[in-house]
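Chemist: Here you go, input_22.tsv (TSV, C-alpha atoms):
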chain	number	residue	atom	x	y	z
A	1	MET	CA	116.53	96.83	111.38
A	2	LYS	CA	119.61	95.36	109.66
A	3	GLN	CA	120.08	92.81	112.43
A	4	MET	CA	116.42	91.82	112.25
A	5	ASN	CA	116.60	91.32	108.49
A	6	ARG	CA	119.75	89.26	108.94
A	7	TRP	CA	117.86	86.77	111.07
A	8	ILE	CA	114.67	86.81	109.06
A	9	THR	CA	116.61	85.90	105.92
A	10	GLY	CA	118.02	82.95	107.86
A	11	PHE	CA	114.73	81.12	107.37
A	12	LEU	CA	114.26	78.60	104.62
A	13	LEU	CA	113.79	80.40	101.32
A	14	VAL	CA	111.60	78.80	98.70
A	15	ILE	CA	112.11	80.16	95.19
A	16	CYS	CA	108.97	79.46	93.21
A	17	ALA	CA	110.27	79.58	89.68
A	18	LEU	CA	109.54	77.18	86.88
A	19	LEU	CA	113.24	76.50	86.31
A	20	GLY	CA	113.64	75.37	89.89
A	21	SER	CA	110.55	73.18	90.06
A	22	GLY	CA	112.51	69.95	89.95
A	23	SER	CA	110.16	68.48	87.37
A	24	ALA	CA	111.78	65.75	85.30
A	25	MET	CA	109.74	66.76	82.26
A	26	ALA	CA	110.75	70.40	82.63
A	27	GLN	CA	114.39	69.30	82.84
A	28	LEU	CA	114.03	67.44	79.55
A	29	ASP	CA	112.59	70.58	78.00
A	30	LEU	CA	115.47	72.61	79.38
A	31	ASP	CA	118.00	70.15	77.96
A	32	GLU	CA	116.89	71.14	74.46
A	33	LEU	CA	118.76	74.41	74.94
A	34	SER	CA	122.47	74.69	74.30
A	35	PRO	CA	124.63	75.31	77.41
A	36	GLU	CA	125.12	78.93	76.31
A	37	ASP	CA	121.38	79.45	75.90
A	38	GLN	CA	120.63	77.76	79.21
A	39	ASN	CA	122.97	80.24	80.84
A	40	LEU	CA	121.34	83.14	79.00
A	41	LEU	CA	117.90	81.96	80.13
A	42	ALA	CA	119.06	81.63	83.74
A	43	ILE	CA	120.54	85.14	83.70
A	44	SER	CA	117.36	86.53	82.14
A	45	VAL	CA	115.16	84.86	84.76
A	46	GLN	CA	117.37	86.26	87.51
A	47	SER	CA	117.07	89.69	85.95
A	48	ILE	CA	113.27	89.38	86.09
A	49	ASP	CA	113.48	88.56	89.80
A	50	GLU	CA	115.56	91.71	90.25
A	51	GLY	CA	112.97	93.84	88.47
A	52	LEU	CA	114.82	94.26	85.18
A	53	SER	CA	112.10	92.90	82.89
A	54	GLU	CA	112.41	95.54	80.16
A	55	ALA	CA	116.16	95.01	79.85
A	56	VAL	CA	115.89	91.30	79.00
A	57	VAL	CA	113.07	91.41	76.45
A	58	ALA	CA	115.53	91.16	73.56
A	59	ASP	CA	117.15	88.08	75.11
A	60	PHE	CA	113.78	86.39	75.56
A	61	ASP	CA	112.76	87.30	72.00
A	62	TYR	CA	115.97	85.72	70.72
A	63	LEU	CA	115.40	82.52	72.72
A	64	ALA	CA	111.71	82.33	71.74
A	65	GLN	CA	112.55	82.60	68.05
A	66	LYS	CA	115.30	79.99	68.34
A	67	TYR	CA	113.18	77.56	70.40
A	68	PRO	CA	109.57	78.21	69.29
A	69	LYS	CA	108.21	74.96	70.78
A	70	ASN	CA	110.14	75.00	74.03
A	71	TYR	CA	107.74	75.38	76.93
A	72	ILE	CA	110.14	76.83	79.49
A	73	VAL	CA	111.45	79.47	77.11
A	74	GLN	CA	107.96	80.48	76.00
A	75	TYR	CA	106.61	80.51	79.57
A	76	GLU	CA	109.41	82.71	80.91
A	77	ARG	CA	109.07	85.09	77.98
A	78	LEU	CA	105.31	85.36	78.44
A	79	TYR	CA	105.77	85.90	82.17
A	80	THR	CA	108.01	88.83	81.30
A	81	MET	CA	105.34	90.15	78.94
A	82	TYR	CA	102.84	89.88	81.78
A	83	LEU	CA	105.07	91.93	84.07
A	84	LEU	CA	105.34	94.55	81.33
A	85	GLY	CA	101.56	94.68	80.88
A	86	ARG	CA	101.63	93.23	77.36
A	87	TYR	CA	98.66	90.97	77.97
A	88	ASP	CA	97.62	90.59	74.34
A	89	GLU	CA	100.79	88.61	73.65
A	90	LEU	CA	99.90	86.09	76.33
A	91	ILE	CA	96.37	85.74	75.05
A	92	LYS	CA	97.62	85.14	71.50
A	93	LYS	CA	99.80	82.28	72.76
A	94	ARG	CA	97.12	80.73	74.97
A	95	LYS	CA	96.42	77.70	72.76
A	96	PHE	CA	100.09	76.80	72.47
A	97	MET	CA	100.67	77.21	76.20
A	98	LEU	CA	97.52	75.49	77.46
A	99	ASN	CA	97.81	72.55	75.04
A	100	HIS	CA	101.53	71.98	75.56
A	101	LYS	CA	102.52	68.63	77.08
A	102	TYR	CA	104.38	70.43	79.88
A	103	THR	CA	101.58	72.81	80.81
A	104	ASN	CA	100.74	73.14	84.51
A	105	ALA	CA	98.51	75.11	86.86
A	106	ALA	CA	100.81	78.14	86.66
A	107	THR	CA	100.15	78.35	82.92
A	108	TYR	CA	96.39	78.54	83.44
A	109	GLN	CA	96.96	81.12	86.15
A	110	ILE	CA	99.05	83.47	84.02
A	111	ILE	CA	96.75	83.18	80.99
A	112	GLY	CA	93.69	83.78	83.14
A	113	ASN	CA	95.39	86.73	84.81
A	114	ALA	CA	96.18	88.20	81.41
A	115	TYR	CA	92.49	88.07	80.47
A	116	ASP	CA	91.54	89.63	83.81
A	117	MET	CA	94.08	92.44	83.50
A	118	ALA	CA	92.88	93.05	79.95
A	119	GLY	CA	89.37	93.59	81.31
A	120	ASN	CA	87.80	90.25	80.41
A	121	SER	CA	87.04	88.68	83.79
A	122	LYS	CA	84.53	86.21	82.31
A	123	GLU	CA	87.16	84.68	80.05
A	124	ALA	CA	89.60	84.68	82.97
A	125	ALA	CA	87.12	82.65	85.03
A	126	LYS	CA	86.76	80.16	82.18
A	127	VAL	CA	90.52	79.65	82.04
A	128	TYR	CA	90.79	79.22	85.83
A	129	ASN	CA	87.92	76.74	85.75
A	130	GLN	CA	89.58	74.74	82.96
A	131	GLY	CA	92.75	74.71	85.01
A	132	LEU	CA	90.99	73.44	88.14
A	133	LYS	CA	89.47	70.57	86.17
A	134	LYS	CA	93.00	69.45	85.29
A	135	TYR	CA	94.66	70.52	88.54
A	136	PRO	CA	92.07	70.35	91.35
A	137	GLU	CA	94.84	70.60	93.95
A	138	SER	CA	95.92	74.05	92.75
A	139	GLY	CA	95.60	76.58	95.54
A	140	SER	CA	96.73	79.37	93.22
A	141	LEU	CA	93.78	78.91	90.85
A	142	TYR	CA	91.32	79.03	93.74
A	143	LEU	CA	93.12	82.18	94.85
A	144	GLU	CA	92.52	83.81	91.47
A	145	PHE	CA	88.82	82.90	91.60
A	146	GLY	CA	88.69	84.55	95.02
A	147	THR	CA	90.36	87.64	93.59
A	148	LEU	CA	87.74	87.90	90.86
A	149	CYS	CA	84.96	87.72	93.48
A	150	ARG	CA	86.72	90.28	95.62
A	151	LYS	CA	86.86	92.72	92.71
A	152	ASP	CA	83.08	92.37	92.47
A	153	GLU	CA	82.87	92.98	96.25
A	154	ASP	CA	81.39	89.52	96.73
A	155	TYR	CA	83.48	88.85	99.82
A	156	GLU	CA	81.46	85.87	101.00
A	157	LYS	CA	82.07	84.05	97.74
A	158	ALA	CA	85.73	85.10	97.77
A	159	LEU	CA	86.12	83.43	101.17
A	160	ILE	CA	84.54	80.26	99.82
A	161	TYR	CA	87.21	80.07	97.10
A	162	TYR	CA	90.04	80.95	99.48
A	163	ASN	CA	88.96	78.18	101.83
A	164	LYS	CA	88.63	75.68	99.00
A	165	GLY	CA	92.17	76.63	98.03
A	166	ILE	CA	93.34	76.09	101.60
A	167	VAL	CA	91.88	72.59	101.63
A	168	ALA	CA	93.26	71.77	98.17
A	169	ASP	CA	96.76	73.14	98.83
A	170	PRO	CA	97.16	73.63	102.59
A	171	ASN	CA	100.75	74.88	102.46
A	172	PHE	CA	100.07	77.64	99.91
A	173	ALA	CA	100.24	80.76	102.08
A	174	SER	CA	98.45	83.23	99.80
A	175	ASN	CA	94.93	81.92	100.41
A	176	TYR	CA	95.39	82.33	104.17
A	177	TYR	CA	96.76	85.82	103.58
A	178	ARG	CA	93.88	86.96	101.39
A	179	ALA	CA	91.25	85.42	103.65
A	180	SER	CA	92.68	86.75	106.91
A	181	ASP	CA	91.91	90.44	106.43
A	182	LEU	CA	88.35	89.67	105.29
A	183	LEU	CA	87.82	87.52	108.36
A	184	ILE	CA	89.45	89.87	110.86
A	185	SER	CA	87.28	92.76	109.68
A	186	SER	CA	84.11	90.67	109.96
A	187	GLU	CA	81.93	90.22	113.03
A	188	LYS	CA	81.97	86.43	113.17
A	189	GLY	CA	85.32	85.53	111.63
A	190	LYS	CA	87.89	87.30	113.81
A	191	VAL	CA	89.25	84.14	115.42
A	192	TRP	CA	89.71	82.46	112.06
A	193	GLY	CA	91.36	85.65	110.80
A	194	LEU	CA	93.88	85.47	113.66
A	195	VAL	CA	94.61	81.81	112.94
A	196	TYR	CA	94.95	82.34	109.18
A	197	ALA	CA	97.17	85.41	109.59
A	198	GLU	CA	99.64	83.61	111.82
A	199	SER	CA	99.60	80.54	109.60
A	200	ALA	CA	100.36	82.69	106.56
A	201	ILE	CA	103.45	84.07	108.30
A	202	LEU	CA	104.63	80.60	109.33
A	203	LEU	CA	104.11	79.17	105.84
A	204	ALA	CA	106.02	82.01	104.13
A	205	PRO	CA	108.37	83.45	106.77
A	206	SER	CA	110.67	85.08	104.20
A	207	ASP	CA	107.90	87.26	102.74
A	208	GLU	CA	108.68	90.39	104.76
A	209	SER	CA	106.07	92.71	103.25
A	210	ARG	CA	103.22	90.29	103.92
A	211	HIS	CA	104.66	89.47	107.33
A	212	GLU	CA	104.29	93.09	108.35
A	213	ASP	CA	100.72	93.31	107.04
A	214	LEU	CA	99.72	90.11	108.84
A	215	ALA	CA	101.38	91.03	112.14
A	216	LYS	CA	99.57	94.38	112.06
A	217	MET	CA	96.27	92.57	111.46
A	218	ILE	CA	96.79	90.34	114.49
A	219	ILE	CA	97.64	93.25	116.79
A	220	PHE	CA	94.83	95.39	115.42
A	221	CYS	CA	92.31	92.61	115.99
A	222	LEU	CA	93.39	91.94	119.56
A	223	LYS	CA	93.60	95.61	120.53
A	224	ASN	CA	90.10	96.22	119.15
A	225	SER	CA	88.62	93.10	120.75
A	226	ILE	CA	90.04	93.45	124.26
A	227	THR	CA	88.59	96.05	126.61
A	228	THR	CA	90.25	97.21	129.82
A	229	ASN	CA	88.47	99.70	132.07
A	230	TYR	CA	89.55	100.65	135.60
A	231	GLU	CA	87.48	103.74	136.33
A	232	ASP	CA	84.23	102.83	138.13
A	233	SER	CA	84.96	99.10	138.27
A	234	ILE	CA	87.66	96.71	137.11
A	235	VAL	CA	86.54	95.31	133.78
A	236	VAL	CA	88.66	93.29	131.40
A	237	SER	CA	86.83	91.56	128.57
A	238	VAL	CA	87.46	90.03	125.15
A	239	LYS	CA	84.93	89.93	122.32
A	240	LEU	CA	86.16	87.94	119.34
A	241	THR	CA	82.93	86.13	118.51
A	242	PRO	CA	79.27	87.09	118.97
A	243	THR	CA	78.20	83.65	120.20
A	244	ARG	CA	79.58	80.54	121.88
A	245	GLY	CA	77.90	78.04	119.60
A	246	MET	CA	77.35	74.32	120.21
A	247	THR	CA	75.63	71.67	118.12
A	248	ALA	CA	74.63	68.09	118.89
A	249	ASP	CA	73.60	65.05	116.93
A	250	LYS	CA	69.97	63.95	116.93
A	251	ALA	CA	70.48	61.56	119.81
A	252	MET	CA	72.19	64.28	121.87
A	253	GLN	CA	75.07	61.88	122.44
A	254	ASN	CA	77.82	63.89	120.74
A	255	VAL	CA	78.16	67.64	121.28
A	256	TYR	CA	80.35	69.85	119.09
A	257	ILE	CA	81.61	73.17	120.42
A	258	GLU	CA	82.49	75.77	117.83
A	259	PHE	CA	86.17	76.69	117.86
A	260	PRO	CA	85.87	80.52	118.06
A	261	GLY	CA	84.15	80.26	121.43
A	262	ILE	CA	86.86	77.96	122.76
A	263	TYR	CA	89.56	80.33	121.51
A	264	GLU	CA	87.90	83.38	123.04
A	265	GLY	CA	87.33	81.61	126.34
A	266	ALA	CA	90.92	80.37	126.54
A	267	LEU	CA	92.06	83.97	126.08
A	268	CYS	CA	90.03	85.24	129.04
A	269	LYS	CA	92.00	83.78	131.92
A	270	PRO	CA	95.34	85.39	130.97
A	271	LEU	CA	93.54	88.72	131.05
A	272	THR	CA	92.89	88.36	134.78
A	273	LYS	CA	96.49	89.40	135.42
A	274	LEU	CA	95.77	92.72	133.72
A	275	ALA	CA	92.73	93.13	135.93
A	276	VAL	CA	94.64	92.38	139.13
A	277	GLU	CA	97.43	94.78	138.21
A	278	LYS	CA	95.04	97.33	136.67
A	279	THR	CA	97.22	97.33	133.58
A	280	PRO	CA	95.72	98.59	130.29
A	281	PHE	CA	96.12	96.32	127.29
A	282	VAL	CA	98.40	98.10	124.81
A	283	GLY	CA	99.39	95.09	122.69
A	284	ASP	CA	103.17	95.41	123.03
A	285	ILE	CA	105.34	92.31	122.58
A	286	PRO	CA	105.71	91.38	126.29
A	287	GLN	CA	101.92	91.52	126.73
A	288	LEU	CA	101.37	89.50	123.57
A	289	ILE	CA	103.85	86.88	124.78
A	290	GLU	CA	102.02	86.40	128.08
A	291	LEU	CA	98.51	86.62	126.63
A	292	ARG	CA	99.11	84.18	123.78
A	293	LYS	CA	101.02	81.74	125.96
A	294	GLY	CA	98.18	81.73	128.47
A	295	LEU	CA	95.72	81.04	125.65
A	296	VAL	CA	97.66	77.97	124.48
A	297	GLU	CA	98.15	76.63	128.00
A	298	ASN	CA	94.48	77.12	128.91
A	299	TYR	CA	93.30	75.45	125.73
A	300	PHE	CA	95.30	72.30	126.48
A	301	SER	CA	94.60	72.23	130.23
A	302	ILE	CA	90.86	72.88	129.96
A	303	THR	CA	89.95	71.01	126.77
A	304	ASP	CA	92.70	68.38	126.66
A	305	ASP	CA	93.44	69.30	123.04
A	306	LEU	CA	89.80	69.01	121.95
A	307	TYR	CA	90.43	69.58	118.23
A	308	GLY	CA	93.71	67.72	117.89
A	309	ASN	CA	95.45	68.22	114.55
A	310	SER	CA	92.33	69.89	113.15
A	311	MET	CA	93.69	73.03	114.82
A	312	TYR	CA	97.37	72.43	114.22
A	313	LEU	CA	98.39	76.03	114.95
A	314	LEU	CA	97.77	75.47	118.67
A	315	GLU	CA	99.66	72.18	118.49
A	316	PHE	CA	102.58	73.96	116.84
A	317	GLN	CA	102.51	76.83	119.32
A	318	LYS	CA	102.70	74.31	122.17
A	319	ARG	CA	105.72	72.71	120.52
A	320	ILE	CA	107.40	76.12	120.41
A	321	ILE	CA	106.64	76.68	124.10
A	322	ASP	CA	107.88	73.20	125.05
A	323	ALA	CA	111.07	73.76	123.06
A	324	GLY	CA	111.75	76.97	124.99
A	325	HIS	CA	111.48	79.35	122.03
A	326	TRP	CA	108.22	81.16	122.81
A	327	ASP	CA	109.72	84.58	123.53
A	328	ALA	CA	111.99	84.49	120.48
A	329	TYR	CA	109.13	83.36	118.27
A	330	ASN	CA	106.89	86.21	119.34
A	331	TYR	CA	109.64	88.79	118.96
A	332	PHE	CA	110.16	87.49	115.43
A	333	LEU	CA	106.41	87.43	114.77
A	334	PHE	CA	105.72	91.01	115.85
A	335	SER	CA	109.10	92.59	115.04
A	336	PRO	CA	107.80	94.47	111.95
A	337	CYS	CA	105.30	96.31	114.13
A	338	TYR	CA	107.72	97.13	116.95
A	339	PRO	CA	111.18	97.43	115.35
A	340	GLU	CA	112.71	99.46	118.18
A	341	GLU	CA	111.33	97.09	120.80
A	342	PHE	CA	112.72	94.16	118.82
A	343	GLU	CA	116.17	95.74	118.38
A	344	LYS	CA	116.45	96.42	122.11
A	345	TRP	CA	115.53	92.82	122.92
A	346	PHE	CA	117.82	91.48	120.19
A	347	GLU	CA	120.89	93.20	121.64
A	348	THR	CA	120.90	90.74	124.55
A	349	HIS	CA	118.94	87.81	123.06
A	350	ASP	CA	120.53	87.24	119.64
A	351	LYS	CA	121.50	83.67	120.57
A	352	GLU	CA	117.91	82.90	121.54
A	353	LEU	CA	116.67	84.03	118.16
A	354	GLU	CA	119.37	82.00	116.42
A	355	LYS	CA	118.30	78.89	118.30
A	356	PHE	CA	114.67	79.48	117.35
A	357	VAL	CA	115.58	79.99	113.68
A	358	ASN	CA	117.54	76.72	113.67
A	359	TRP	CA	114.69	74.92	115.42
A	360	PHE	CA	112.15	76.28	112.95
A	361	ASN	CA	114.27	75.34	109.94
A	362	ASN	CA	114.59	71.80	111.26
A	363	THR	CA	110.95	71.50	112.33
A	364	GLY	CA	108.92	73.57	109.86
A	365	TYR	CA	105.23	74.38	109.87
A	366	ARG	CA	103.63	71.90	107.50
A	367	LEU	CA	99.92	71.36	107.01
A	368	GLY	CA	98.14	68.52	105.24
A	369	ASP	CA	98.24	64.78	106.04
A	370	GLY	CA	95.66	65.30	108.78
A	371	ARG	CA	96.97	68.68	109.98
A	372	SER	CA	94.76	71.69	109.25
A	373	VAL	CA	93.74	75.09	110.61
A	374	ASP	CA	90.65	75.93	108.55
A	375	TYR	CA	86.98	75.98	109.50
A	376	ILE	CA	86.06	73.45	106.82
A	377	GLN	CA	88.12	70.72	108.51
A	378	ILE	CA	87.98	71.88	112.13
A	379	PHE	CA	86.05	68.82	113.33
A	380	ASN	CA	88.13	66.22	111.45
A	381	SER	CA	90.15	65.29	114.56
A	382	TYR	CA	87.64	66.59	117.10
A	383	ARG	CA	86.98	64.46	120.17
A	384	PRO	CA	83.16	64.31	120.51
A	385	LEU	CA	81.82	65.25	123.94
A	386	ASN	CA	78.67	64.37	125.80
A	387	ILE	CA	76.48	67.18	127.08
A	388	ILE	CA	77.97	67.10	130.61
A	389	GLU	CA	81.54	67.28	129.33
A	390	SER	CA	80.72	70.15	126.99
A	391	LEU	CA	79.02	72.15	129.77
A	392	MET	CA	82.00	71.61	132.07
A	393	ILE	CA	84.39	72.96	129.45
A	394	GLN	CA	82.14	75.92	128.74
A	395	SER	CA	81.87	76.77	132.43
A	396	GLU	CA	85.67	77.00	132.71
A	397	LEU	CA	85.97	79.24	129.67
A	398	LEU	CA	84.59	82.46	131.07
A	399	SER	CA	83.22	84.92	128.54
A	400	GLU	CA	84.31	87.89	130.62
A	401	THR	CA	86.55	88.71	133.56
A	402	GLU	CA	85.04	91.35	135.83
A	403	LYS	CA	85.94	92.25	139.38
A	404	LYS	CA	84.28	94.95	141.44
A	405	GLU	CA	86.57	97.22	143.40
Translate the structure of the given file into structure tokens.
Modeler:
Amino acid sequence: MKQMNRWITGFLLVICALLGSGSAMAQLDLDELSPEDQNLLAISVQSIDEGLSEAVVADFDYLAQKYPKNYIVQYERLYTMYLLGRYDELIKKRKFMLNHKYTNAATYQIIGNAYDMAGNSKEAAKVYNQGLKKYPESGSLYLEFGTLCRKDEDYEKALIYYNKGIVADPNFASNYYRASDLLISSEKGKVWGLVYAESAILLAPSDESRHEDLAKMIIFCLKNSITTNYEDSIVVSVKLTPTRGMTADKAMQNVYIEFPGIYEGALCKPLTKLAVEKTPFVGDIPQLIELRKGLVENYFSITDDLYGNSMYLLEFQKRIIDAGHWDAYNYFLFSPCYPEEFEKWFETHDKELEKFVNWFNNTGYRLGDGRSVDYIQIFNSYRPLNIIESLMIQSELLSETEKKE
């Protein structure tokens, strides 16, 4: 796995630390520290990232006493206290932190989290709500609201907050990550779970632990939704959604086809190859490459990109295919689940993976500005159809492939 990690770490790394935010105001606050103390703070922050929180408490205490009104110093110290489970100290400093001129959404998040971890979820919700009033674009605060609902086992409400966070901050991967497992395990949301899981990987490709979780979710969902049976008759079917829904306006002039049905239908035709060859679906990387490629190609050929940038994942997947990186992308995507399969492929395809990594770093997967993947905005770029057009598309997207021997 060393070779795999070498290439994975070749992706763009985004270090989300207050010191590296690039904020002009934060820089002014940092300039209040002497060069020696700036260096001490930087070393202490690095030590936190390396898991050495307890060892740097004395250094943070020294800096906090020397610079009692400095926001960066106080924030980093309180973050260390949070990691150590000393939540009361954060709560005591809440007024100073929340009323400081340099406060931001992260401040509301950490104070709210401290209340939650201390067992006061109601006060945590108040803090998150105050933060959203000031920072309505904060995906992280919506995430925390979703977490509170999830603790109460109110999964429907949790999904509402996760999706609001996705709309507010479309490139914040955590809301996709948290929503994906809820959706994949549901009856009606499997397709959205697949889309969110892959988007979460693309938005945070350096997060290896989440990458593995998400890749496993995708494979689990497909393996449990695709049926292959070659005993009495040849049956290959996919069940990702209970219905193929359509809606129309009052005049019946514009018809809207729900995306899950389109996705499921586009996946059916690639399964015919399994039926012809009587091959069981096992969900290994070569099968996933062919199946997923067929899905993308069928979507564009049958619907002529019906949803446009409202389903940007399919647009991005087509760009990968057109650039010639589809195999390398899928080996990267599913490598945590099949490390031996990946290593064997990598021995003779290392240059292909390098080219994909370079392409991805230069291209990136960016949402927002009209590009989305969520079910709230799925019809934003949709091309309305008349009833005849919609029926023609539906007729080409077979719900099941079945051939009698």
Chemist: Grab the CA of Lys355 (chain A) to CA of Trp326 (chain A) distance for me, in Å with one decimal place.
Modeler: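 These atoms are spaced 11.3 Å apart.
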Chemist: Report, in Å with one decimal, the straight-line distance from CA of Asn362 (chain A) to CA of Gly324 (chain A).
Modeler: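 Here the two named atoms are 14.9 Å from each other.
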Chemist: Pick out the closest residue to Leu271 (chain A) from this set: A:Ser209, A:Asp284, A:Tyr161, A:Thr228. Count all atoms listed in the file.
Modeler: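 Comparing A:Ser209, A:Asp284, A:Tyr161, A:Thr228 against Leu271 (chain A), the winner is A:Thr228.
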Chemist: For each of A:Ser140, A:Thr303, A:Ser185, A:Asn39, take the minimum atom-to-atom distance to Asn163 (chain A), counting all atoms listed in the file, then give the residue where this is smallest.
Modeler: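 The closest residue to Asn163 (chain A) is A:Ser140.
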Chemist: Region 246-252 of chain A: which residues within 10 Å, counting only C-alpha atoms, same-chain residues fewer than 6 positions away excluded, as a ChimeraX atom specification?
Modeler: /A:258-259,261,384-387,390-391,394
Chemist: To one decimal place, how far is CA of Ala173 (chain A) from CA of Gly139 (chain A) in Å?
Modeler: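 These two atoms are separated by 9.0 Å.
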Chemist: Skipping near chain neighbours, those fewer than 2 positions away, what residues fall within 10 Å of region 87-96 of chain A using all atoms listed in the file, listed as a PyMOL selection string?
Modeler: chain A and resi 69+71+74-75+77-85+98-101+103+107-108+110-118+127
Chemist: Have a look at A:Ile43, A:Ile72, A:Ile388, A:Leu367 and name the one nearest to Ala55 (chain A); count only C-alpha atoms.
Modeler: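 Result for the nearest residue to Ala55 (chain A): A:Ile43.
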Chemist: Please work out which residues fall within 12 Å of (87.5, 74.3, 90.4), coordinates as given in the file, with all atoms listed in the file counting, and return them as a ChimeraX atom specification.
Modeler: /A:105,125-146,160-162,164-165,168
Chemist: So, counting only C-alpha atoms, which residue among A:Leu41, A:Ala200, A:Val238, A:Val296 is closest to Ala64 (chain A)?
Modeler: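 Checking each candidate against Ala64 (chain A), we get A:Leu41 as the closest.
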